[in-house]
>>> print(open('work-v9.cif').read())   # mmCIF, C-alpha atoms
data_data
#
loop_
_atom_site.label_atom_id
_atom_site.label_comp_id
_atom_site.auth_asym_id
_atom_site.auth_seq_id
_atom_site.Cartn_x
_atom_site.Cartn_y
_atom_site.Cartn_z
CA MET A 10 -15.45 113.97 79.62
CA GLY A 11 -14.36 110.38 78.98
CA PHE A 12 -11.13 109.23 77.40
CA VAL A 13 -12.75 108.13 74.13
CA ARG A 14 -14.53 111.45 73.70
CA ARG A 15 -11.37 113.46 74.44
CA GLN A 16 -9.44 111.48 71.85
CA ALA A 17 -12.22 111.79 69.29
CA ILE A 18 -12.16 115.59 69.66
CA THR A 19 -8.37 115.66 69.42
CA ALA A 20 -8.48 113.49 66.29
CA ALA A 21 -11.05 115.79 64.69
CA LEU A 22 -9.02 118.89 65.51
CA THR A 23 -5.87 117.30 64.13
CA ALA A 24 -7.60 116.23 60.92
CA ASN A 25 -8.94 119.77 60.43
CA ALA A 26 -5.46 121.23 60.96
CA ILE A 27 -4.07 118.95 58.26
CA ARG A 28 -6.97 119.44 55.85
CA PRO A 29 -9.36 122.21 56.92
CA LEU A 30 -13.09 122.03 56.41
CA PRO A 31 -13.87 123.52 52.97
CA GLY A 32 -16.26 126.35 52.16
CA PHE A 33 -16.72 130.00 53.03
CA ARG A 34 -19.11 129.40 55.94
CA ALA A 35 -16.79 126.83 57.51
CA GLY A 36 -13.79 129.12 57.19
CA ILE A 37 -13.99 130.81 60.60
CA PRO A 38 -14.52 127.68 62.75
CA ALA A 39 -11.98 125.78 60.65
CA PHE A 40 -9.49 128.59 61.25
CA PHE A 41 -9.85 128.71 65.03
CA ALA A 42 -9.65 124.93 65.39
CA GLY A 43 -6.80 124.48 62.92
CA TRP A 44 -4.76 127.51 64.03
CA VAL A 45 -4.55 126.52 67.69
CA THR A 46 -4.00 122.83 66.99
CA GLY A 47 -1.41 123.39 64.28
CA GLU A 48 0.71 125.98 66.08
CA LEU A 49 0.49 124.18 69.44
CA ALA A 50 0.97 120.72 67.95
CA PRO A 51 3.92 119.83 70.28
CA HIS A 52 1.83 120.74 73.32
CA VAL A 53 -1.25 118.87 72.08
CA LEU A 54 0.92 115.84 71.27
CA GLY A 55 2.38 115.85 74.77
CA LEU A 56 -1.08 116.01 76.32
CA THR A 57 -2.35 113.24 74.03
CA VAL A 58 0.51 110.90 74.91
CA ALA A 59 0.14 111.64 78.61
CA ASP A 60 -3.61 111.04 78.47
CA ALA A 61 -3.11 107.74 76.67
CA ALA A 62 -0.42 106.63 79.13
CA ALA A 63 -2.67 107.43 82.09
CA HIS A 64 -5.49 105.51 80.47
CA VAL A 65 -3.31 102.45 79.87
CA ALA A 66 -2.24 102.51 83.52
CA GLY A 67 -5.87 102.50 84.64
CA PRO A 68 -8.12 99.52 85.39
CA ARG A 69 -10.00 99.61 82.06
CA ARG A 70 -8.73 100.18 78.57
CA SER A 71 -10.56 101.34 75.45
CA VAL A 72 -9.16 100.01 72.21
CA ARG A 73 -11.16 102.62 70.31
CA GLY A 74 -9.79 105.45 72.42
CA LEU A 75 -6.20 104.23 72.13
CA ALA A 76 -6.59 103.87 68.36
CA LEU A 77 -7.83 107.46 68.14
CA ALA A 78 -4.92 108.59 70.32
CA GLY A 79 -2.53 106.80 67.99
CA LEU A 80 -4.03 108.44 64.92
CA SER A 81 -3.94 111.86 66.58
CA SER A 82 -0.33 111.38 67.62
CA ALA A 83 0.67 110.46 64.08
CA GLY A 84 -1.18 113.48 62.70
CA LEU A 85 0.33 115.83 65.28
CA ALA A 86 3.81 114.50 64.55
CA TYR A 87 3.16 115.23 60.87
CA LEU A 88 2.10 118.81 61.74
CA ILE A 89 5.29 119.29 63.76
CA GLN A 90 7.36 118.00 60.85
CA GLN A 91 5.56 120.41 58.50
CA SER A 92 6.18 123.30 60.90
CA ARG A 93 9.87 122.50 60.97
CA ARG A 94 9.87 122.61 57.15
CA SER A 95 9.12 126.32 57.40
CA VAL A 96 12.79 127.12 57.86
CA THR A 97 13.54 125.51 54.49
CA GLU A 98 10.52 127.06 52.76
CA ALA A 99 11.42 130.52 54.01
CA GLU A 100 15.09 130.19 53.15
CA ASN A 101 14.24 128.93 49.65
CA ALA A 102 11.95 131.93 49.20
CA LEU A 103 14.72 134.35 50.14
CA VAL A 104 17.25 132.65 47.88
CA GLU A 105 14.79 132.71 44.97
CA GLY A 106 13.81 136.34 45.54
CA LEU A 107 17.14 137.86 46.55
CA GLY A 108 19.71 135.58 44.98
CA VAL A 109 21.76 132.69 46.25
CA ASP A 110 24.43 135.05 47.59
CA TYR A 111 22.07 137.24 49.63
CA VAL A 112 23.59 135.95 52.88
CA GLU A 113 26.84 137.66 51.89
CA GLN A 114 25.06 140.97 52.45
CA LEU A 115 23.97 140.13 56.01
CA ASP A 116 25.82 141.29 59.10
CA ALA A 117 26.59 137.62 59.71
CA LYS A 118 25.64 134.42 57.92
CA PRO A 119 22.90 132.44 59.72
CA SER A 120 24.46 129.93 62.09
CA PRO A 121 23.07 126.44 62.78
CA ALA A 122 21.54 127.89 65.95
CA ASP A 123 19.75 130.56 63.89
CA LEU A 124 18.18 127.86 61.72
CA ALA A 125 17.40 125.42 64.54
CA THR A 126 14.03 125.12 66.25
CA PRO A 127 14.07 127.35 69.38
CA TRP A 128 12.37 124.87 71.70
CA GLY A 129 13.10 126.94 74.81
CA ARG A 130 10.92 129.83 73.59
CA ILE A 131 8.16 127.50 72.39
CA VAL A 132 7.62 125.67 75.70
CA ASN A 133 5.71 128.64 77.13
CA PRO A 134 4.64 130.60 74.05
CA PHE A 135 2.57 133.16 75.94
CA ALA A 136 5.35 134.50 78.21
CA PHE A 137 5.72 137.72 76.22
CA GLY A 138 6.57 139.89 79.20
CA ARG A 139 9.30 137.60 80.46
CA ALA A 140 10.76 137.24 76.96
CA ALA A 141 10.86 141.02 76.54
CA ARG A 142 12.57 141.55 79.89
CA LYS A 143 15.11 138.83 79.17
CA ALA A 144 15.93 140.48 75.84
CA GLY A 145 16.21 143.93 77.43
CA VAL A 146 13.32 145.31 75.37
CA GLU A 147 11.63 148.52 76.54
CA VAL A 148 8.19 149.60 75.34
CA HIS A 149 7.29 153.29 75.25
CA ARG A 150 3.51 153.04 75.40
CA ASP A 151 0.51 155.08 74.30
CA ILE A 152 2.18 157.86 72.36
CA PRO A 153 -0.43 159.90 70.45
CA PHE A 154 0.07 160.25 66.70
CA ALA A 155 -3.51 161.16 65.65
CA PRO A 156 -6.42 162.89 67.45
CA TYR A 157 -8.59 159.82 68.02
CA GLY A 158 -7.95 158.91 71.65
CA LYS A 159 -6.79 155.32 72.11
CA ARG A 160 -7.22 154.54 68.42
CA GLY A 161 -4.68 157.26 67.60
CA MET A 162 -1.87 155.94 69.81
CA LEU A 163 1.26 153.93 69.15
CA ASP A 164 3.96 152.05 71.06
CA VAL A 165 7.70 152.26 70.34
CA TYR A 166 9.94 149.26 71.05
CA THR A 167 13.63 149.82 71.75
CA SER A 168 16.27 147.97 73.75
CA GLU A 169 19.56 148.43 75.53
CA VAL A 170 21.38 147.90 72.21
CA THR A 171 19.38 150.50 70.25
CA PRO A 172 21.87 153.04 68.90
CA ALA A 173 21.55 156.71 69.79
CA ALA A 174 20.74 157.47 66.16
CA GLY A 175 20.37 155.84 62.78
CA ALA A 176 18.55 152.60 63.68
CA PRO A 177 16.27 151.01 61.06
CA VAL A 178 12.55 151.30 61.78
CA LEU A 179 9.82 148.67 61.47
CA LEU A 180 6.14 149.66 61.53
CA GLN A 181 3.76 146.90 62.71
CA VAL A 182 0.06 147.15 61.72
CA HIS A 183 -2.27 144.84 63.62
CA GLY A 184 -5.00 142.76 62.00
CA GLY A 185 -8.52 141.98 63.12
CA ALA A 186 -10.72 142.24 60.02
CA TRP A 187 -10.54 146.07 60.15
CA THR A 188 -13.05 145.89 63.05
CA ILE A 189 -11.15 144.68 66.14
CA GLY A 190 -7.61 144.47 67.49
CA ARG A 191 -4.99 146.50 69.32
CA LYS A 192 -1.36 147.41 68.91
CA ASP A 193 -0.22 145.17 71.79
CA GLN A 194 -1.84 141.96 70.52
CA GLN A 195 0.01 141.06 67.33
CA GLY A 196 3.52 141.07 65.93
CA LEU A 197 5.05 140.76 69.41
CA PRO A 198 7.48 137.91 68.64
CA LEU A 199 8.87 139.79 65.63
CA MET A 200 9.08 143.19 67.33
CA GLN A 201 10.73 141.82 70.45
CA HIS A 202 13.22 139.88 68.33
CA LEU A 203 14.16 142.89 66.17
CA ALA A 204 14.20 145.42 69.02
CA ALA A 205 16.64 143.17 70.89
CA ARG A 206 18.89 143.45 67.83
CA GLY A 207 18.88 147.22 67.57
CA TRP A 208 15.79 147.96 65.48
CA VAL A 209 13.23 150.53 66.51
CA CYS A 210 9.77 148.99 66.17
CA VAL A 211 6.51 150.93 66.14
CA ALA A 212 3.10 149.30 66.71
CA ILE A 213 0.00 151.36 66.00
CA ASN A 214 -3.69 151.44 66.71
CA TYR A 215 -5.99 152.80 64.02
CA ARG A 216 -9.68 153.59 63.71
CA LEU A 217 -11.96 150.59 63.25
CA SER A 218 -15.14 149.83 61.37
CA PRO A 219 -18.10 149.93 61.43
CA ARG A 220 -17.83 153.10 63.51
CA ASP A 221 -15.21 154.52 61.14
CA PRO A 222 -15.66 153.16 57.61
CA TRP A 223 -12.98 152.83 54.97
CA PRO A 224 -10.61 154.62 54.26
CA ALA A 225 -10.08 155.67 57.90
CA HIS A 226 -7.80 152.65 58.46
CA ILE A 227 -5.27 153.42 55.75
CA VAL A 228 -5.42 157.16 56.49
CA ASP A 229 -4.28 156.37 60.03
CA VAL A 230 -1.48 154.11 58.79
CA LYS A 231 -0.29 156.94 56.57
CA ALA A 232 -0.54 159.36 59.50
CA ALA A 233 1.61 157.00 61.56
CA ILE A 234 4.24 156.93 58.81
CA ALA A 235 4.24 160.72 58.76
CA TRP A 236 4.62 160.74 62.56
CA ILE A 237 7.60 158.39 62.33
CA ARG A 238 9.28 160.67 59.79
CA GLU A 239 8.87 163.61 62.18
CA ASN A 240 9.55 162.00 65.56
CA ILE A 241 11.41 158.69 65.44
CA GLU A 242 14.85 160.27 65.80
CA ALA A 243 14.01 160.89 69.46
CA TYR A 244 14.00 157.08 69.93
CA GLY A 245 17.17 156.41 67.91
CA GLY A 246 15.42 155.59 64.64
CA ASP A 247 16.38 156.66 61.13
CA PRO A 248 13.41 158.66 59.76
CA ASN A 249 14.50 157.93 56.21
CA TYR A 250 14.16 154.16 56.50
CA ILE A 251 10.80 152.56 57.34
CA ALA A 252 9.90 148.94 56.70
CA ILE A 253 6.31 147.84 57.27
CA THR A 254 4.63 144.58 58.26
CA GLY A 255 1.33 143.26 59.53
CA GLY A 256 -0.96 140.26 59.33
CA SER A 257 -4.41 139.76 57.78
CA ALA A 258 -6.07 143.21 57.70
CA GLY A 259 -2.67 144.49 58.83
CA GLY A 260 -1.12 142.65 55.88
CA HIS A 261 -3.58 144.40 53.59
CA LEU A 262 -2.89 147.81 55.11
CA SER A 263 0.89 147.36 55.10
CA ALA A 264 0.88 146.21 51.46
CA LEU A 265 -1.44 149.05 50.42
CA ALA A 266 0.68 151.63 52.23
CA ALA A 267 3.77 150.26 50.49
CA VAL A 268 2.33 150.48 46.96
CA THR A 269 0.62 153.89 47.39
CA PRO A 270 3.38 156.28 48.48
CA ASN A 271 2.13 159.83 49.02
CA ALA A 272 -1.33 158.96 47.61
CA PRO A 273 -3.40 162.13 48.25
CA GLU A 274 -6.69 160.23 48.58
CA PHE A 275 -5.26 158.52 51.68
CA GLN A 276 -3.58 161.64 53.14
CA PRO A 277 -6.33 164.20 53.71
CA GLY A 278 -4.88 167.26 55.39
CA PHE A 279 -1.30 166.00 55.22
CA GLU A 280 -0.88 165.55 51.47
CA ASP A 281 2.68 166.91 51.55
CA ALA A 282 3.93 164.35 54.09
CA ASP A 283 6.37 161.71 52.85
CA THR A 284 4.71 158.31 53.34
CA THR A 285 7.05 156.21 51.21
CA ILE A 286 8.00 152.77 52.50
CA GLN A 287 11.39 151.18 51.88
CA ALA A 288 10.41 147.48 52.33
CA ALA A 289 7.25 145.50 53.10
CA VAL A 290 6.62 142.11 54.73
CA PRO A 291 2.87 141.40 54.68
CA TYR A 292 1.75 138.21 56.41
CA TYR A 293 -1.39 136.44 55.08
CA GLY A 294 -2.78 139.70 53.77
CA VAL A 295 -5.91 140.57 51.80
CA TYR A 296 -4.79 141.93 48.45
CA ASP A 297 -8.02 141.88 46.42
CA MET A 298 -10.79 143.91 48.06
CA ALA A 299 -12.65 144.28 44.76
CA GLY A 300 -12.89 140.57 43.88
CA VAL A 301 -11.13 140.98 40.54
CA THR A 302 -9.24 137.69 40.92
CA GLY A 303 -12.52 135.79 40.62
CA LEU A 304 -11.74 133.66 43.66
CA PRO A 305 -15.09 132.54 45.15
CA ASN A 306 -14.22 133.32 48.77
CA THR A 307 -12.94 136.77 47.80
CA ALA A 308 -16.22 137.79 46.20
CA LEU A 309 -18.16 136.42 49.18
CA MET A 310 -15.94 138.35 51.60
CA ARG A 311 -16.52 141.51 49.58
CA ASP A 312 -20.30 141.21 49.46
CA THR A 313 -21.10 139.70 52.87
CA PHE A 314 -18.50 141.39 55.08
CA LEU A 315 -16.46 144.17 53.51
CA GLY A 316 -19.47 145.96 52.05
CA PRO A 317 -21.77 146.05 55.08
CA ARG A 318 -19.11 146.19 57.82
CA VAL A 319 -15.92 147.86 56.54
CA PHE A 320 -16.78 150.07 53.57
CA ARG A 321 -20.42 150.68 54.48
CA LYS A 322 -20.96 150.88 50.72
CA ARG A 323 -21.88 148.17 48.25
CA TYR A 324 -19.36 147.23 45.61
CA SER A 325 -21.96 147.64 42.87
CA ASP A 326 -22.48 151.27 43.90
CA LEU A 327 -18.84 152.36 44.15
CA PRO A 328 -16.49 149.79 42.62
CA ASP A 329 -13.70 152.35 42.27
CA VAL A 330 -13.48 152.69 46.07
CA TYR A 331 -12.88 148.94 46.41
CA GLU A 332 -10.36 149.01 43.58
CA GLN A 333 -8.45 151.90 45.19
CA ALA A 334 -8.29 149.79 48.36
CA SER A 335 -6.87 146.71 46.59
CA PRO A 336 -3.06 146.44 46.73
CA LEU A 337 -3.26 144.08 43.75
CA LEU A 338 -4.53 146.94 41.58
CA ARG A 339 -2.17 149.65 42.87
CA ILE A 340 1.19 148.11 41.96
CA THR A 341 3.60 150.25 39.96
CA SER A 342 7.17 149.75 38.80
CA ASP A 343 8.31 151.74 41.85
CA ALA A 344 6.86 149.33 44.42
CA PRO A 345 9.40 148.63 47.19
CA ASP A 346 11.03 145.28 47.91
CA PHE A 347 8.49 142.75 49.22
CA PHE A 348 8.64 139.55 51.25
CA VAL A 349 5.13 138.05 51.05
CA ILE A 350 4.19 135.23 53.44
CA HIS A 351 1.04 133.09 53.29
CA GLY A 352 -0.19 129.68 54.39
CA VAL A 353 -1.63 127.07 52.06
CA ASN A 354 -4.31 126.07 54.60
CA ASP A 355 -5.53 129.62 55.23
CA THR A 356 -9.34 129.42 55.38
CA LEU A 357 -9.94 133.14 56.03
CA VAL A 358 -7.87 134.59 53.18
CA GLU A 359 -7.26 132.01 50.51
CA VAL A 360 -3.73 131.60 49.28
CA GLY A 361 -4.78 132.48 45.73
CA GLN A 362 -4.81 136.15 46.72
CA ALA A 363 -1.14 136.02 47.69
CA ARG A 364 -0.24 134.16 44.50
CA ALA A 365 -2.00 136.78 42.36
CA PHE A 366 -0.36 139.64 44.27
CA VAL A 367 3.11 138.13 43.97
CA LYS A 368 2.66 137.51 40.25
CA ALA A 369 1.56 141.11 39.71
CA LEU A 370 4.52 142.39 41.70
CA ARG A 371 6.95 140.27 39.73
CA ASP A 372 5.39 141.36 36.43
CA THR A 373 5.49 145.08 37.27
CA SER A 374 7.91 146.03 40.05
CA LYS A 375 11.57 146.83 39.45
CA ARG A 376 12.48 145.64 42.96
CA THR A 377 12.85 142.17 44.45
CA VAL A 378 9.89 139.97 45.39
CA SER A 379 10.29 137.02 47.76
CA TYR A 380 7.36 134.71 48.45
CA ALA A 381 7.11 132.03 51.13
CA GLU A 382 4.09 129.75 50.75
CA LEU A 383 3.93 127.60 53.86
CA PRO A 384 2.39 124.09 53.81
CA THR A 385 -0.37 123.11 56.29
CA THR A 386 -0.33 126.67 57.64
CA GLN A 387 -3.44 128.49 58.83
CA HIS A 388 -4.17 132.17 59.21
CA ALA A 389 -2.58 134.10 62.11
CA PHE A 390 0.19 131.55 62.64
CA ASP A 391 2.57 134.22 63.98
CA ILE A 392 0.47 135.57 66.87
CA PHE A 393 2.50 133.69 69.48
CA PRO A 394 5.85 131.88 69.32
CA SER A 395 5.57 128.46 67.68
CA ILE A 396 7.94 126.35 65.62
CA ARG A 397 6.67 127.94 62.43
CA SER A 398 6.38 131.50 63.66
CA GLN A 399 9.86 131.50 65.18
CA HIS A 400 11.38 130.33 61.90
CA LEU A 401 9.49 133.07 60.02
CA VAL A 402 10.54 135.71 62.55
CA ARG A 403 14.15 134.82 61.84
CA ALA A 404 13.58 134.69 58.08
CA THR A 405 11.94 138.13 58.25
CA GLU A 406 14.95 139.39 60.20
CA ARG A 407 17.28 138.08 57.49
CA PHE A 408 15.24 139.76 54.77
CA LEU A 409 15.12 143.05 56.63
CA ASN A 410 18.80 142.89 57.57
CA TRP A 411 19.66 142.27 53.92
CA HIS A 412 17.46 145.13 52.82
CA TRP A 413 18.76 147.58 55.43
CA ASN A 414 22.34 146.91 54.39
CA LEU A 415 21.43 147.20 50.70
CA TRP A 416 19.55 150.47 51.29
CA ARG A 417 22.48 152.00 53.17
CA ARG A 418 24.80 151.12 50.32
CA GLU A 419 22.38 152.63 47.79
CA GLN A 420 22.22 155.84 49.82
CA GLY A 421 26.01 156.15 49.98
CA SER A 422 28.22 158.02 47.59
CA PRO A 423 29.50 156.20 44.47
CA ALA A 424 32.93 155.96 46.08
CA GLU A 425 31.48 154.32 49.17
CA VAL A 426 29.53 151.82 47.09
CA ILE A 427 32.63 150.89 45.07
CA ALA A 428 34.62 150.49 48.28
CA ALA A 429 31.94 148.27 49.76
CA GLU A 430 32.07 146.05 46.70
#
>>> encode(input="work-v9.cif", output="structure tokens")
Amino acid sequence: MGFVRRQAITAALTANAIRPLPGFRAGIPAFFAGWVTGELAPHVLGLTVADAAAHVAGPRRSVRGLALAGLSSAGLAYLIQQSRRSVTEAENALVEGLGVDYVEQLDAKPSPADLATPWGRIVNPFAFGRAARKAGVEVHRDIPFAPYGKRGMLDVYTSEVTPAAGAPVLLQVHGGAWTIGRKDQQGLPLMQHLAARGWVCVAINYRLSPRDPWPAHIVDVKAAIAWIRENIEAYGGDPNYIAITGGSAGGHLSALAAVTPNAPEFQPGFEDADTTIQAAVPYYGVYDMAGVTGLPNTALMRDTFLGPRVFRKRYSDLPDVYEQASPLLRITSDAPDFFVIHGVNDTLVEVGQARAFVKALRDTSKRTVSYAELPTTQHAFDIFPSIRSQHLVRATERFLNWHWNLWRREQGSPAEVIAAE
């Protein structure tokens, strides 16, 4: 492939990352192209500059190719600058949702290093194994929690600093459009980061459609919560404190689990199990399965994908099933504290779903609601370490650290609470 063609492709990818192709049908290709380019913008910029330098050193020069390289470089630099803004966007979201003094409730105020871009981890973003070993993280793999073979297994992440008892627990639910995905593919940067700081993290598989239609997915998430309550003490975790997170379909399932504690329709055969959640951090989740927001892409997703592939039932036949599956429609005043995260450029799940969900939470819930809306950010931005994902990992840690400390104070005796104040 010639220099001009390489630069033309890079320029097109960069333009799509900045402003994705519009429309429902273009959403999937726009996502793949924009996600990789946006999150690997420093790497793509380095390759573009190196390619242009090699071309200039050669015997023939293309003005058109160099112009395209210049435009791509400017666009990639803009994407990097927008990624670095994530630290400010996330911090503003926490201050707005939790109060300006929330950092006083942390174990330690964030240092300049905590807020800086961790370039060392970003250079090789796919070195998950090496990062885990360096952090002293141990993964206890393939523990059965439900009788479905591989789909009923989970992994537990601990580390050399995990206490013998009483550690906070984070449940990670993978995405994949309710039809694909595994427990060891998503949420790794966050789980490794938290496990290295004493959290016990649990990543689960669950049954997938179309083989197992809805509500198998949320039933398995609830079963995993019940398993954690019964068994996590063996790994140092506190069975009374479970936070939940996940992205995309995992964001939907984590949000739905959080707003439907002990819902009998999602707990067949284990209705008496405690499936309450103390805090939730859904990333780019689907909150409106029924299409009640009126967003065009949401209705198209419902009718062209969710119906035939996930529910195996048409919305027009059983609208109540779709409504039961919509976190947006299940919010009560007792919903737990939420930190909702979504990208403005998300072409798979439009940002309007997150905005509607956050508004409903703030109108109804008695607890705190923080919302980080990230500019020029595509779906699945947190799959591997990038500038943006690393900032959001640390922001999520601050939220969860704040919440864990707050929860422990609320569980203490009145005398202990007064003393802490």
>>> residues_near_point(input="work-v9.cif", point="(6.9, 150.9, 53.8)", cutoff="10 Å", atoms="only C-alpha atoms", output="ChimeraX atom specification")
/A:178-180,231,234,250-254,263-270,284-290,344-347
>>> residues_around(input="work-v9.cif", residues="Ala225 of chain A", least_positions_apart="6", cutoff="12 Å", atoms="only C-alpha atoms", output="list of chain:residue names")
A:Ala155, A:Tyr157, A:Arg160, A:Gly161, A:Trp187, A:Thr188, A:Asn214, A:Tyr215, A:Arg216, A:Leu217, A:Ser218, A:Pro219, A:Lys231, A:Ala232, A:Leu262, A:Glu274, A:Phe275, A:Gln276, A:Pro277, A:Val319, A:Phe320, A:Arg321, A:Ala334
>>> resolve_selection(input="work-v9.cif", expression="the PyMOL selection byres ((chain A and resi 176) around 6)", output="list of chain:residue names")
A:Ala174, A:Gly175, A:Pro177, A:Trp208, A:Gly245, A:Gly246, A:Asp247
>>> atom_distance(input="work-v9.cif", atom1="atom CA of Asp193 of chain A", atom2="atom CA of Met162 of chain A")
11.1 Å
>>> residues_near_point(input="work-v9.cif", point="(14.0, 126.6, 64.8)", cutoff="8 Å", atoms="all atoms listed in the file", output="CSV table (one decimal) with C-alpha atoms, in the coordinates of the input")
chain,number,residue,atom,x,y,z
A,93,ARG,CA,9.9,122.5,61.0
A,96,VAL,CA,12.8,127.1,57.9
A,122,ALA,CA,21.5,127.9,66.0
A,123,ASP,CA,19.8,130.6,63.9
A,124,LEU,CA,18.2,127.9,61.7
A,125,ALA,CA,17.4,125.4,64.5
A,126,THR,CA,14.0,125.1,66.2
A,127,PRO,CA,14.1,127.4,69.4
A,128,TRP,CA,12.4,124.9,71.7
A,396,ILE,CA,7.9,126.4,65.6
A,397,ARG,CA,6.7,127.9,62.4
A,399,GLN,CA,9.9,131.5,65.2
A,400,HIS,CA,11.4,130.3,61.9
>>> resolve_selection(input="work-v9.cif", expression="the PyMOL selection byres ((chain A and resi 107) around 12)", output="ChimeraX atom specification")
/A:99-106,108-115,346-348,376-380,407-409,411-412,415
>>> resolve_selection(input="work-v9.cif", expression="the PyMOL selection byres ((chain A and resi 373) around 10)", output="PyMOL selection string")
chain A and resi 340-344+367-372+374-376
>>> closest_residue(input="work-v9.cif", among="A:Ala136, A:Ala299, A:Ala63, A:Ala233", to="Ala282 of chain A", atoms="all atoms listed in the file")
A:Ala233
>>> residues_around(input="work-v9.cif", residues="Thr167 of chain A", least_positions_apart="4", cutoff="10 Å", atoms="all atoms listed in the file", output="short mmCIF file (atom, residue, chain, number, x, y, z; two decimals) with C-alpha atoms, keeping the file's coordinate frame")
data_model
loop_
_atom_site.label_atom_id
_atom_site.label_comp_id
_atom_site.auth_asym_id
_atom_site.auth_seq_id
_atom_site.Cartn_x
_atom_site.Cartn_y
_atom_site.Cartn_z
CA GLY A 145 16.21 143.93 77.43
CA VAL A 146 13.32 145.31 75.37
CA GLU A 147 11.63 148.52 76.54
CA VAL A 148 8.19 149.60 75.34
CA HIS A 149 7.29 153.29 75.25
CA THR A 171 19.38 150.50 70.25
CA PRO A 172 21.87 153.04 68.90
CA ALA A 176 18.55 152.60 63.68
CA MET A 200 9.08 143.19 67.33
CA GLN A 201 10.73 141.82 70.45
CA LEU A 203 14.16 142.89 66.17
CA ALA A 204 14.20 145.42 69.02
CA ALA A 205 16.64 143.17 70.89
CA ARG A 206 18.89 143.45 67.83
CA GLY A 207 18.88 147.22 67.57
CA TRP A 208 15.79 147.96 65.48
CA VAL A 209 13.23 150.53 66.51
CA CYS A 210 9.77 148.99 66.17
CA VAL A 211 6.51 150.93 66.14
CA TYR A 244 14.00 157.08 69.93
CA GLY A 245 17.17 156.41 67.91
CA GLY A 246 15.42 155.59 64.64
#
>>> closest_residue(input="work-v9.cif", among="A:Leu337, A:Ala258, A:Val165, A:Ala144", to="Gly184 of chain A", atoms="all atoms listed in the file")
A:Ala258
>>> build_atoms(input="work-v9.cif", residues="segment 371-384 of chain A", atoms="N, CA and C atoms", output="short mmCIF file (atom, residue, chain, number, x, y, z; two decimals), in the coordinates of the input")
data_model
loop_
_atom_site.label_atom_id
_atom_site.label_comp_id
_atom_site.auth_asym_id
_atom_site.auth_seq_id
_atom_site.Cartn_x
_atom_site.Cartn_y
_atom_site.Cartn_z
N ARG A 371 5.83 140.72 40.55
CA ARG A 371 6.95 140.27 39.73
C ARG A 371 6.83 140.72 38.28
N ASP A 372 5.60 140.90 37.81
CA ASP A 372 5.39 141.36 36.43
C ASP A 372 5.64 142.85 36.28
N THR A 373 5.51 143.62 37.38
CA THR A 373 5.49 145.08 37.27
C THR A 373 6.64 145.77 37.99
N SER A 374 6.96 145.33 39.21
CA SER A 374 7.91 146.03 40.05
C SER A 374 9.34 145.86 39.56
N LYS A 375 10.15 146.90 39.77
CA LYS A 375 11.57 146.83 39.45
C LYS A 375 12.39 146.24 40.61
N ARG A 376 11.77 146.10 41.77
CA ARG A 376 12.48 145.64 42.96
C ARG A 376 12.29 144.14 43.16
N THR A 377 12.90 143.61 44.19
CA THR A 377 12.85 142.17 44.45
C THR A 377 11.51 141.78 45.08
N VAL A 378 11.11 140.54 44.82
CA VAL A 378 9.89 139.97 45.39
C VAL A 378 10.20 138.56 45.87
N SER A 379 10.11 138.35 47.17
CA SER A 379 10.29 137.02 47.76
C SER A 379 8.93 136.55 48.24
N TYR A 380 8.66 135.26 48.08
CA TYR A 380 7.36 134.71 48.45
C TYR A 380 7.52 133.36 49.12
N ALA A 381 7.10 133.29 50.38
CA ALA A 381 7.11 132.03 51.13
C ALA A 381 5.69 131.53 51.27
N GLU A 382 5.40 130.40 50.64
CA GLU A 382 4.09 129.75 50.75
C GLU A 382 4.26 128.53 51.64
N LEU A 383 3.65 128.57 52.81
CA LEU A 383 3.93 127.60 53.86
C LEU A 383 2.90 126.48 53.87
N PRO A 384 3.33 125.22 53.82
CA PRO A 384 2.39 124.09 53.81
C PRO A 384 1.69 123.92 55.15
#
